[in-house]
Amino acid sequence: MSGIAGIARPGMRAQVETMLSKLSHRGPEKYEIIEAPEATLGVVARDQATVSLLTDQNLAQDAHGGFHCAQAQGTEHGVQLKRDPLGVVPLYYGSLPDGDIAFASEVKALLPVTAEVEELLPGHTLDDEGLRSYFHLSRLPEYELSLDEYIQGLRSRLETAVERRVGDGEFGSWLSGGLDSSSLAALARPYTPTLYTFAAGVEGSQDLEYARQVADHLDADHNEVVVDLSDMLSALPDVIYHLESFDAWLVRSSITNYLVAKRASDFVPAVFSGEGGDELFAGYDYLKDLPSDSLADELVDITGRLHNTALQRVDRCASAHGTVAYVSFLDASVVDWAFHIPAEYKLHDGVEKWILRKAVADLLPESVVSRPKAKFWQGAGVEEQIAEYVEGQISDTEFEHERLLSNGLRLNSKEELYYYRLFREHFGDIEDLSWMGRTKGTPVS
């Protein structure tokens, strides 16, 4: 795990040190200020070897394995920023009053030096010549292959994507008991003598039950975080601080994720996480209602939206505790293959992620292979408790009075207003929130 921050001007050590202090959780062991000819770059990391390598190259980089990274490179004119094609790793930037560019892995590290914050979009670079795209996610033509060839191609690419990230075997897996996280845990199992798995939910939740089944099947060292409403409410201020969002669906799905990530950090420096499986292989219920000829385009669209929603949750929950989360479904080779697979193999006779189920059927219990998709917070048992609590905290009058923010943004629900109040306590009244993602299809009340 690492984080980066800097300013495209030399001699800005004090300012960059302040910025890095806001990112200390991302690299709790080492940090370095890099004095490039025309920029001051900062890195926080878990190990000195990484910091030394980057210093030698006038490069600040936050890398999550398998080409998922964000980087800042010192140039003769200042700095060049670059973010990975899908935005697995975060990067933001803004202009100082004199026009110099500042950048950081998280918004909280930019706010001490500028109120102008922009998200560097996935697949983009930024330097003195401007903002440019080097990658665009798009629909790909189908291959002329048999079903078995598609299945075997998917399995082999998933195996390779996991192998690229196992390193020295010090890793675990967040485990919801769903198909995606279970598949990665099973594929990673041969690479470590002890696989640590971590699940969270309220007592009696589906996620805890299915995760136990998978952990037993894989002979894993399984760890559970059983939470109640009090635990979730206590965690909320920290969740929103690290998440940097008040989007209701995103926050709701981050609460148990944050708590399980905290537990995992006591055991391993890295975990596998199943993000991307639903978007690549049609895991959501609403997709069943779409015309078949629009499904492929919709999957491209929702995959392209991951960077400031689900991937933000994964990054912030892991980095809050100094760990890294590997998202092997979003390995470049897996994504490319997935977008060549015919849509009818993904959503087949009403069964979501049908081809993925076929590809990993031999690795998991049949009950897990056939388990229907549940939203993260639903499986963990969060939704009902949070909704009922918030309903009692905010009156209809308060909601109508406060739901329209001064910048024109309209809050969708009482739950979102509750989260916004906590967000504002941390970050104040930020006028421009265009960098903050909103979950597609969020219901409005």
# chains A, B, ... in the order shown; residues from 1 in each chain; ligands from 1
call {"tool": "residues_around", "arguments": {"residues": "Gly78 of chain A", "least_positions_apart": "5", "cutoff": "6 Å", "atoms": "only C-alpha atoms", "output": "PyMOL selection string"}}
result
chain A and resi 8+38-39
call {"tool": "residues_around", "arguments": {"residues": "Leu121 of chain A", "least_positions_apart": "4", "cutoff": "10 Å", "atoms": "only C-alpha atoms", "output": "list of chain:residue names"}}
result
A:Lys82, A:Arg83, A:Asp84, A:Pro85, A:Leu86, A:Gly87, A:Pro90, A:Leu91, A:Tyr92, A:Thr125, A:Leu126, A:Leu131, A:Arg132, A:Ser133, A:His307, A:Asn308, A:Trp435
call {"tool": "closest_residue", "arguments": {"among": "A:Phe267, A:Tyr345, A:Asp285, A:Leu233", "to": "Ala387 of chain A", "atoms": "only C-alpha atoms"}}
result
A:Leu233
call {"tool": "residues_around", "arguments": {"residues": "Asp100 of chain A", "least_positions_apart": "3", "cutoff": "9 Å", "atoms": "only C-alpha atoms", "output": "ChimeraX atom specification"}}
result
/A:7-9,78,94-97
call {"tool": "select_by_dssp", "arguments": {"residues": "segment 73-137 of chain A", "states": "helix (DSSP H, G or I)", "output": "ChimeraX atom specification"}}
result
/A:107-110
call {"tool": "write_last_selection", "arguments": {"atoms": "N, CA and C atoms", "output": "mmCIF file, in the first residue's frame"}}
result
data_model
loop_
_atom_site.group_PDB
_atom_site.id
_atom_site.type_symbol
_atom_site.label_atom_id
_atom_site.label_comp_id
_atom_site.auth_asym_id
_atom_site.auth_seq_id
_atom_site.Cartn_x
_atom_site.Cartn_y
_atom_site.Cartn_z
ATOM 1 N N VAL A 107 -8.636 13.180 -1.643
ATOM 2 C CA VAL A 107 -9.036 14.589 -1.642
ATOM 3 C C VAL A 107 -8.574 15.281 -0.365
ATOM 4 N N LYS A 108 -8.627 14.594 0.768
ATOM 5 C CA LYS A 108 -8.272 15.212 2.036
ATOM 6 C C LYS A 108 -6.841 15.746 2.051
ATOM 7 N N ALA A 109 -5.969 15.174 1.204
ATOM 8 C CA ALA A 109 -4.590 15.642 1.142
ATOM 9 C C ALA A 109 -4.428 16.848 0.221
ATOM 10 N N LEU A 110 -5.403 17.102 -0.629
ATOM 11 C CA LEU A 110 -5.372 18.282 -1.495
ATOM 12 C C LEU A 110 -5.948 19.515 -0.812
#
